[in-house]
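Engineer: Just so it is clear, I am handing over structure_24.pdb, which has PDB, C-alpha atoms.
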```pdb
MODEL        1
ATOM      1  CA  MET Y  29       3.927  -0.113  17.592  1.00  0.00           C
ATOM      2  CA  ARG Y  30       2.677  -0.707  21.145  1.00  0.00           C
ATOM      3  CA  ILE Y  31       2.669  -3.528  23.673  1.00  0.00           C
ATOM      4  CA  ALA Y  32      -0.533  -4.285  25.575  1.00  0.00           C
ATOM      5  CA  LEU Y  33      -0.463  -6.596  28.587  1.00  0.00           C
ATOM      6  CA  TYR Y  34      -3.826  -8.064  29.535  1.00  0.00           C
ATOM      7  CA  GLN Y  35      -4.101  -8.602  33.295  1.00  0.00           C
ATOM      8  CA  PRO Y  36      -0.488  -9.702  33.843  1.00  0.00           C
ATOM      9  CA  ASP Y  37       0.166 -11.921  36.859  1.00  0.00           C
ATOM     10  CA  ILE Y  38       3.892 -11.547  37.529  1.00  0.00           C
ATOM     11  CA  ALA Y  39       5.571  -8.242  38.386  1.00  0.00           C
ATOM     12  CA  GLY Y  40       8.995  -9.496  37.290  1.00  0.00           C
ATOM     13  CA  ASN Y  41       7.773 -10.194  33.774  1.00  0.00           C
ATOM     14  CA  VAL Y  42       6.172  -6.768  33.555  1.00  0.00           C
ATOM     15  CA  GLY Y  43       9.403  -5.195  34.786  1.00  0.00           C
ATOM     16  CA  THR Y  44      11.408  -6.996  32.100  1.00  0.00           C
ATOM     17  CA  ILE Y  45       8.918  -5.932  29.427  1.00  0.00           C
ATOM     18  CA  LEU Y  46       9.043  -2.325  30.655  1.00  0.00           C
ATOM     19  CA  ARG Y  47      12.852  -2.362  30.389  1.00  0.00           C
ATOM     20  CA  LEU Y  48      12.600  -3.713  26.839  1.00  0.00           C
ATOM     21  CA  ALA Y  49      10.009  -1.067  25.982  1.00  0.00           C
ATOM     22  CA  ALA Y  50      12.198   1.699  27.395  1.00  0.00           C
ATOM     23  CA  CYS Y  51      15.217   0.550  25.379  1.00  0.00           C
ATOM     24  CA  TRP Y  52      13.226   0.400  22.142  1.00  0.00           C
ATOM     25  CA  GLN Y  53      10.956   3.381  22.944  1.00  0.00           C
ATOM     26  CA  VAL Y  54       7.748   1.360  22.608  1.00  0.00           C
ATOM     27  CA  PRO Y  55       4.750   2.442  24.727  1.00  0.00           C
ATOM     28  CA  VAL Y  56       3.099  -0.134  27.000  1.00  0.00           C
ATOM     29  CA  ASP Y  57      -0.567  -0.429  27.934  1.00  0.00           C
ATOM     30  CA  ILE Y  58      -1.503  -2.479  30.993  1.00  0.00           C
ATOM     31  CA  VAL Y  59      -5.094  -3.694  31.178  1.00  0.00           C
ATOM     32  CA  LEU Y  60      -6.094  -4.086  34.809  1.00  0.00           C
ATOM     33  CA  PRO Y  61      -6.438  -5.822  37.140  1.00  0.00           C
ATOM     34  CA  CYS Y  62      -2.934  -7.172  37.622  1.00  0.00           C
ATOM     35  CA  GLY Y  63      -1.974 -10.077  39.828  1.00  0.00           C
ATOM     36  CA  PHE Y  64       0.213  -7.668  41.819  1.00  0.00           C
ATOM     37  CA  PRO Y  65       0.000  -4.023  42.947  1.00  0.00           C
ATOM     38  CA  ALA Y  66       0.495  -1.803  39.872  1.00  0.00           C
ATOM     39  CA  SER Y  67       0.861   1.760  41.118  1.00  0.00           C
ATOM     40  CA  ASP Y  68       3.175   4.140  39.260  1.00  0.00           C
ATOM     41  CA  ALA Y  69       5.845   3.683  41.909  1.00  0.00           C
ATOM     42  CA  GLN Y  70       5.566  -0.111  41.832  1.00  0.00           C
ATOM     43  CA  LEU Y  71       5.793  -0.223  38.026  1.00  0.00           C
ATOM     44  CA  ARG Y  72       8.854   2.070  38.098  1.00  0.00           C
ATOM     45  CA  ARG Y  73      10.409  -0.211  40.717  1.00  0.00           C
ATOM     46  CA  ALA Y  74       9.657  -3.326  38.624  1.00  0.00           C
ATOM     47  CA  ALA Y  75      11.460  -1.727  35.657  1.00  0.00           C
ATOM     48  CA  MET Y  76      14.339  -0.753  37.962  1.00  0.00           C
ATOM     49  CA  ASP Y  77      16.418   2.157  36.660  1.00  0.00           C
ATOM     50  CA  TYR Y  78      14.504   2.216  33.346  1.00  0.00           C
ATOM     51  CA  GLY Y  79      11.117   2.877  34.962  1.00  0.00           C
ATOM     52  CA  GLY Y  80      11.155   6.597  34.280  1.00  0.00           C
ATOM     53  CA  ALA Y  81      12.046   6.098  30.605  1.00  0.00           C
ATOM     54  CA  VAL Y  82       9.034   4.067  29.514  1.00  0.00           C
ATOM     55  CA  ASP Y  83       5.611   5.340  28.484  1.00  0.00           C
ATOM     56  CA  VAL Y  84       3.115   3.237  30.489  1.00  0.00           C
ATOM     57  CA  THR Y  85      -0.663   3.651  30.551  1.00  0.00           C
ATOM     58  CA  ARG Y  86      -2.935   1.655  32.831  1.00  0.00           C
ATOM     59  CA  HIS Y  87      -6.516   0.961  31.735  1.00  0.00           C
ATOM     60  CA  ALA Y  88      -9.318  -0.009  34.129  1.00  0.00           C
ATOM     61  CA  ASP Y  89     -10.429  -2.842  31.832  1.00  0.00           C
ATOM     62  CA  PHE Y  90     -10.315  -3.981  28.209  1.00  0.00           C
ATOM     63  CA  ALA Y  91     -13.230  -1.749  27.210  1.00  0.00           C
ATOM     64  CA  ALA Y  92     -11.333   1.329  28.433  1.00  0.00           C
ATOM     65  CA  PHE Y  93      -8.202   0.158  26.598  1.00  0.00           C
ATOM     66  CA  ALA Y  94     -10.145  -0.430  23.372  1.00  0.00           C
ATOM     67  CA  ALA Y  95     -11.865   2.955  23.575  1.00  0.00           C
ATOM     68  CA  SER Y  96      -8.515   4.666  24.071  1.00  0.00           C
ATOM     69  CA  ARG Y  97      -6.282   2.755  21.657  1.00  0.00           C
ATOM     70  CA  LEU Y  98      -8.230   0.868  18.998  1.00  0.00           C
ATOM     71  CA  GLY Y  99      -9.274   2.944  16.044  1.00  0.00           C
ATOM     72  CA  PRO Y 100      -9.070   3.049  12.267  1.00  0.00           C
ATOM     73  CA  GLY Y 101      -5.754   1.765  10.980  1.00  0.00           C
ATOM     74  CA  THR Y 102      -4.770   0.122  14.277  1.00  0.00           C
ATOM     75  CA  ARG Y 103      -4.614  -3.655  14.368  1.00  0.00           C
ATOM     76  CA  LEU Y 104      -4.796  -5.727  17.510  1.00  0.00           C
ATOM     77  CA  VAL Y 105      -2.260  -8.548  17.151  1.00  0.00           C
ATOM     78  CA  ALA Y 106      -2.712 -11.290  19.741  1.00  0.00           C
ATOM     79  CA  LEU Y 107       0.371 -13.295  20.630  1.00  0.00           C
ATOM     80  CA  THR Y 108      -1.022 -16.666  21.576  1.00  0.00           C
ATOM     81  CA  SER Y 109      -0.077 -20.324  21.581  1.00  0.00           C
ATOM     82  CA  LEU Y 110      -3.406 -20.824  19.764  1.00  0.00           C
ATOM     83  CA  GLY Y 111      -2.483 -18.451  16.924  1.00  0.00           C
ATOM     84  CA  ALA Y 112      -3.148 -19.568  13.369  1.00  0.00           C
ATOM     85  CA  VAL Y 113      -0.221 -17.580  11.915  1.00  0.00           C
ATOM     86  CA  ARG Y 114       3.371 -18.498  12.735  1.00  0.00           C
ATOM     87  CA  LEU Y 115       5.542 -15.513  13.712  1.00  0.00           C
ATOM     88  CA  PRO Y 116       7.834 -15.856  10.659  1.00  0.00           C
ATOM     89  CA  ASP Y 117       4.754 -15.712   8.413  1.00  0.00           C
ATOM     90  CA  ALA Y 118       3.081 -12.749  10.136  1.00  0.00           C
ATOM     91  CA  ARG Y 119       3.248  -9.311   8.494  1.00  0.00           C
ATOM     92  CA  PHE Y 120       3.374  -6.425  10.933  1.00  0.00           C
ATOM     93  CA  GLU Y 121       2.470  -2.779  10.406  1.00  0.00           C
ATOM     94  CA  PRO Y 122       3.787   0.254  12.378  1.00  0.00           C
ATOM     95  CA  PRO Y 123       0.509   1.039  14.211  1.00  0.00           C
ATOM     96  CA  ASP Y 124       0.026  -2.575  15.417  1.00  0.00           C
ATOM     97  CA  ILE Y 125      -0.620  -3.258  19.089  1.00  0.00           C
ATOM     98  CA  LEU Y 126       0.884  -6.524  20.305  1.00  0.00           C
ATOM     99  CA  LEU Y 127      -1.503  -7.997  22.878  1.00  0.00           C
ATOM    100  CA  LEU Y 128      -0.288 -10.559  25.397  1.00  0.00           C
ATOM    101  CA  GLY Y 129      -2.421 -12.406  27.913  1.00  0.00           C
ATOM    102  CA  ARG Y 130      -2.013 -13.483  31.506  1.00  0.00           C
ATOM    103  CA  GLU Y 131       0.837 -15.817  32.353  1.00  0.00           C
ATOM    104  CA  SER Y 132      -1.585 -18.161  34.121  1.00  0.00           C
ATOM    105  CA  ALA Y 133      -4.430 -18.179  31.603  1.00  0.00           C
ATOM    106  CA  GLY Y 134      -3.487 -16.424  28.358  1.00  0.00           C
ATOM    107  CA  LEU Y 135      -6.157 -14.385  26.591  1.00  0.00           C
ATOM    108  CA  PRO Y 136      -9.869 -15.092  27.064  1.00  0.00           C
ATOM    109  CA  PRO Y 137     -11.806 -16.348  24.018  1.00  0.00           C
ATOM    110  CA  ASP Y 138     -13.544 -13.006  23.399  1.00  0.00           C
ATOM    111  CA  LEU Y 139     -10.183 -11.252  23.019  1.00  0.00           C
ATOM    112  CA  HIS Y 140      -8.944 -13.982  20.690  1.00  0.00           C
ATOM    113  CA  ALA Y 141     -12.013 -13.293  18.556  1.00  0.00           C
ATOM    114  CA  ARG Y 142     -11.462  -9.522  18.754  1.00  0.00           C
ATOM    115  CA  ALA Y 143      -7.869  -9.692  17.477  1.00  0.00           C
ATOM    116  CA  ASP Y 144      -7.211  -8.788  13.858  1.00  0.00           C
ATOM    117  CA  LEU Y 145      -4.317 -11.242  13.740  1.00  0.00           C
ATOM    118  CA  ARG Y 146      -3.439 -14.179  16.017  1.00  0.00           C
ATOM    119  CA  VAL Y 147       0.267 -15.034  15.989  1.00  0.00           C
ATOM    120  CA  ARG Y 148       2.136 -17.899  17.619  1.00  0.00           C
ATOM    121  CA  ILE Y 149       5.843 -18.332  18.134  1.00  0.00           C
ATOM    122  CA  PRO Y 150       6.930 -21.726  16.775  1.00  0.00           C
ATOM    123  CA  MET Y 151       8.349 -24.129  19.362  1.00  0.00           C
ATOM    124  CA  ALA Y 152       9.607 -27.693  19.443  1.00  0.00           C
ATOM    125  CA  PRO Y 153       6.922 -30.363  19.887  1.00  0.00           C
ATOM    126  CA  GLY Y 154       5.873 -31.020  23.468  1.00  0.00           C
ATOM    127  CA  PHE Y 155       6.276 -27.457  24.749  1.00  0.00           C
ATOM    128  CA  ARG Y 156       3.231 -25.278  25.345  1.00  0.00           C
ATOM    129  CA  SER Y 157       4.502 -21.748  25.945  1.00  0.00           C
ATOM    130  CA  LEU Y 158       7.381 -19.347  26.516  1.00  0.00           C
ATOM    131  CA  ASN Y 159       7.847 -16.934  29.381  1.00  0.00           C
ATOM    132  CA  LEU Y 160       5.743 -13.805  28.774  1.00  0.00           C
ATOM    133  CA  ALA Y 161       8.715 -11.420  28.713  1.00  0.00           C
ATOM    134  CA  VAL Y 162      10.702 -13.706  26.401  1.00  0.00           C
ATOM    135  CA  ALA Y 163       7.751 -14.046  24.012  1.00  0.00           C
ATOM    136  CA  THR Y 164       7.275 -10.276  24.033  1.00  0.00           C
ATOM    137  CA  GLY Y 165      10.925  -9.709  23.137  1.00  0.00           C
ATOM    138  CA  ILE Y 166      10.885 -12.253  20.320  1.00  0.00           C
ATOM    139  CA  ALA Y 167       7.665 -10.960  18.751  1.00  0.00           C
ATOM    140  CA  LEU Y 168       8.415  -7.269  19.246  1.00  0.00           C
ATOM    141  CA  GLY Y 169      11.881  -7.746  17.761  1.00  0.00           C
ATOM    142  CA  GLU Y 170      10.395  -9.306  14.619  1.00  0.00           C
ATOM    143  CA  ALA Y 171       7.669  -6.656  14.374  1.00  0.00           C
ATOM    144  CA  MET Y 172      10.197  -3.835  14.697  1.00  0.00           C
ATOM    145  CA  ARG Y 173      12.563  -5.469  12.213  1.00  0.00           C
ATOM    146  CA  GLN Y 174       9.789  -5.722   9.624  1.00  0.00           C
ATOM    147  CA  THR Y 175       8.564  -2.180  10.127  1.00  0.00           C
ATOM    148  CA  GLY Y 176      11.954  -0.488  10.490  1.00  0.00           C
ATOM    149  CA  LEU Y 177      11.031   0.905  13.904  1.00  0.00           C
ATOM    150  CA  TYR Y 178      14.244   0.052  15.759  1.00  0.00           C
ATOM    151  CA  PRO Y 179      15.752   3.187  17.314  1.00  0.00           C
ATOM    152  CA  ASP Y 180      18.967   4.480  15.741  1.00  0.00           C
TER
ENDMDL
END
```
Rewrite the coordinates I just gave you, this time as structure tokens.
Structural biologist:
Amino acid sequence: MRIALYQPDIAGNVGTILRLAACWQVPVDIVLPCGFPASDAQLRRAAMDYGGAVDVTRHADFAAFAASRLGPGTRLVALTSLGAVRLPDARFEPPDILLLGRESAGLPPDLHARADLRVRIPMAPGFRSLNLAVATGIALGEAMRQTGLYPD
């Protein structure tokens, strides 16, 4: 299981996601550019005291990410408000990569089309989206529960 953040806009959200990833030992891929400086030191600072405990890889663009991470047996699972599959109905597999888009714009249409599965988190009528870090925690928690990947 991996988390992939596509061009995130907000350092605080990335920091929260990196802390979550450190606690659950889930690697994180960041597809550049970010809406904030994303050097090693800045990412460690965003994750506060957990920055050194998380496996983070930055990729120059989506093509570099795909070349490095997407291969046979790996599914790209887009978390999107436009997803056809509700989170409780989604079936996750251990090598899945959970892909989240920009806070300001989500995922572009070509990445929606590229995803093997498009999942949405159900919400009450009239609300359009959750905070990126909150959505990551909800979806990753369900994916890890299903696959038995929680750390002991």
Engineer: Find the residue from Y:Tyr78, Y:Phe64, Y:Tyr178, Y:Trp52 that sits nearest to Pro36 of chain Y; use only C-alpha atoms when measuring.
Structural biologist: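 Looking at the shortest contact to Pro36 of chain Y, the residue is Y:Phe64.
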Engineer: So which residues get picked by the PyMOL selection byres ((chain Y and resi 85-94) around 6) here, written as an mmCIF file with C-alpha atoms, in the coordinates of the input?
Structural biologist:
```
data_model
loop_
_atom_site.group_PDB
_atom_site.id
_atom_site.type_symbol
_atom_site.label_atom_id
_atom_site.label_comp_id
_atom_site.auth_asym_id
_atom_site.auth_seq_id
_atom_site.Cartn_x
_atom_site.Cartn_y
_atom_site.Cartn_z
ATOM 1 C CA ASP Y 57 -0.567 -0.429 27.934
ATOM 2 C CA ILE Y 58 -1.503 -2.479 30.993
ATOM 3 C CA VAL Y 59 -5.094 -3.694 31.178
ATOM 4 C CA LEU Y 60 -6.094 -4.086 34.809
ATOM 5 C CA VAL Y 84 3.115 3.237 30.489
ATOM 6 C CA ALA Y 95 -11.865 2.955 23.575
ATOM 7 C CA SER Y 96 -8.515 4.666 24.071
ATOM 8 C CA ARG Y 97 -6.282 2.755 21.657
ATOM 9 C CA LEU Y 98 -8.230 0.868 18.998
#
```
Engineer: Pick out the closest residue to Leu139 of chain Y from this set: Y:Leu127, Y:Ala161, Y:Ile45, Y:Met172. Count only C-alpha atoms.
Structural biologist: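 Residue with the minimum atom-to-atom distance to Leu139 of chain Y: Y:Leu127.
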Engineer: List the neighbours of segment 140-155 of chain Y out to 8 Å using all atoms listed in the file; skip same-chain residues closer than 3 positions along the sequence, and give me the result as a PyMOL selection string.
Structural biologist: chain Y and resi 103-115+118+135-137+163+167
Engineer: Apply the PyMOL selection byres ((chain Y and resi 121) around 9) to the file shown and report the selected residues as a ChimeraX atom specification.
Structural biologist: /Y:29,102-103,119-120,122-124,171-172,174-175
Engineer: What separation in Å, quoted to one decimal, exists between atom CA of Ile125 of chain Y and atom CA of Pro179 of chain Y?
Structural biologist: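 Taking atom CA of Ile125 of chain Y as the start and atom CA of Pro179 of chain Y as the end point, the length is 17.7 Å.
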Engineer: Please indicate the distance in Å from atom CA of Val56 of chain Y to atom CA of Ala32 of chain Y, rounded to one decimal place.
Structural biologist: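 Rounded to one decimal, the two atoms are 5.7 Å apart.
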Engineer: For atom CA of Ile38 of chain Y and atom CA of Arg130 of chain Y, determine how far apart the two atoms are, in Å to one decimal place.
Structural biologist: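 Interatomic distance here is 8.7 Å.
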Engineer: Using only C-alpha atoms for the distances, tell me which of Y:Arg30, Y:Asp180, Y:Leu158, Y:Gln35 is nearest to Gly129 of chain Y.
Structural biologist: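 The closest residue to Gly129 of chain Y is Y:Gln35.
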Engineer: Find the residue from Y:Cys51, Y:Leu160, Y:Gly99, Y:Gly63 that sits nearest to Ala81 of chain Y; use only C-alpha atoms when measuring.
Structural biologist: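 Smallest distance to Ala81 of chain Y is found for Y:Cys51.
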Engineer: Between Y:Glu170, Y:Glu131, Y:Asp117, Y:Asp77, which has the minimum distance to Val42 of chain Y (counting all atoms listed in the file)?
Structural biologist: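 For Val42 of chain Y, the nearest of the given residues is Y:Glu131.
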Engineer: Select, from Y:Arg156, Y:Asp138, Y:Gly165, Y:Ser132, the residue with the minimum atom-to-atom distance to Arg47 of chain Y, counting only C-alpha atoms.
Structural biologist: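 Closest to Arg47 of chain Y of all the choices is Y:Gly165.
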Engineer: Kindly compute an axis-aligned box around the listed atoms of segment 154-167 of chain Y, allowing 3 Å on each side, and express its centre and edge lengths in Å to one decimal as JSON.
Structural biologist:
```
{"center_x": 7.1, "center_y": -20.4, "center_z": 24.1, "size_x": 13.7, "size_y": 27.3, "size_z": 16.6}
```
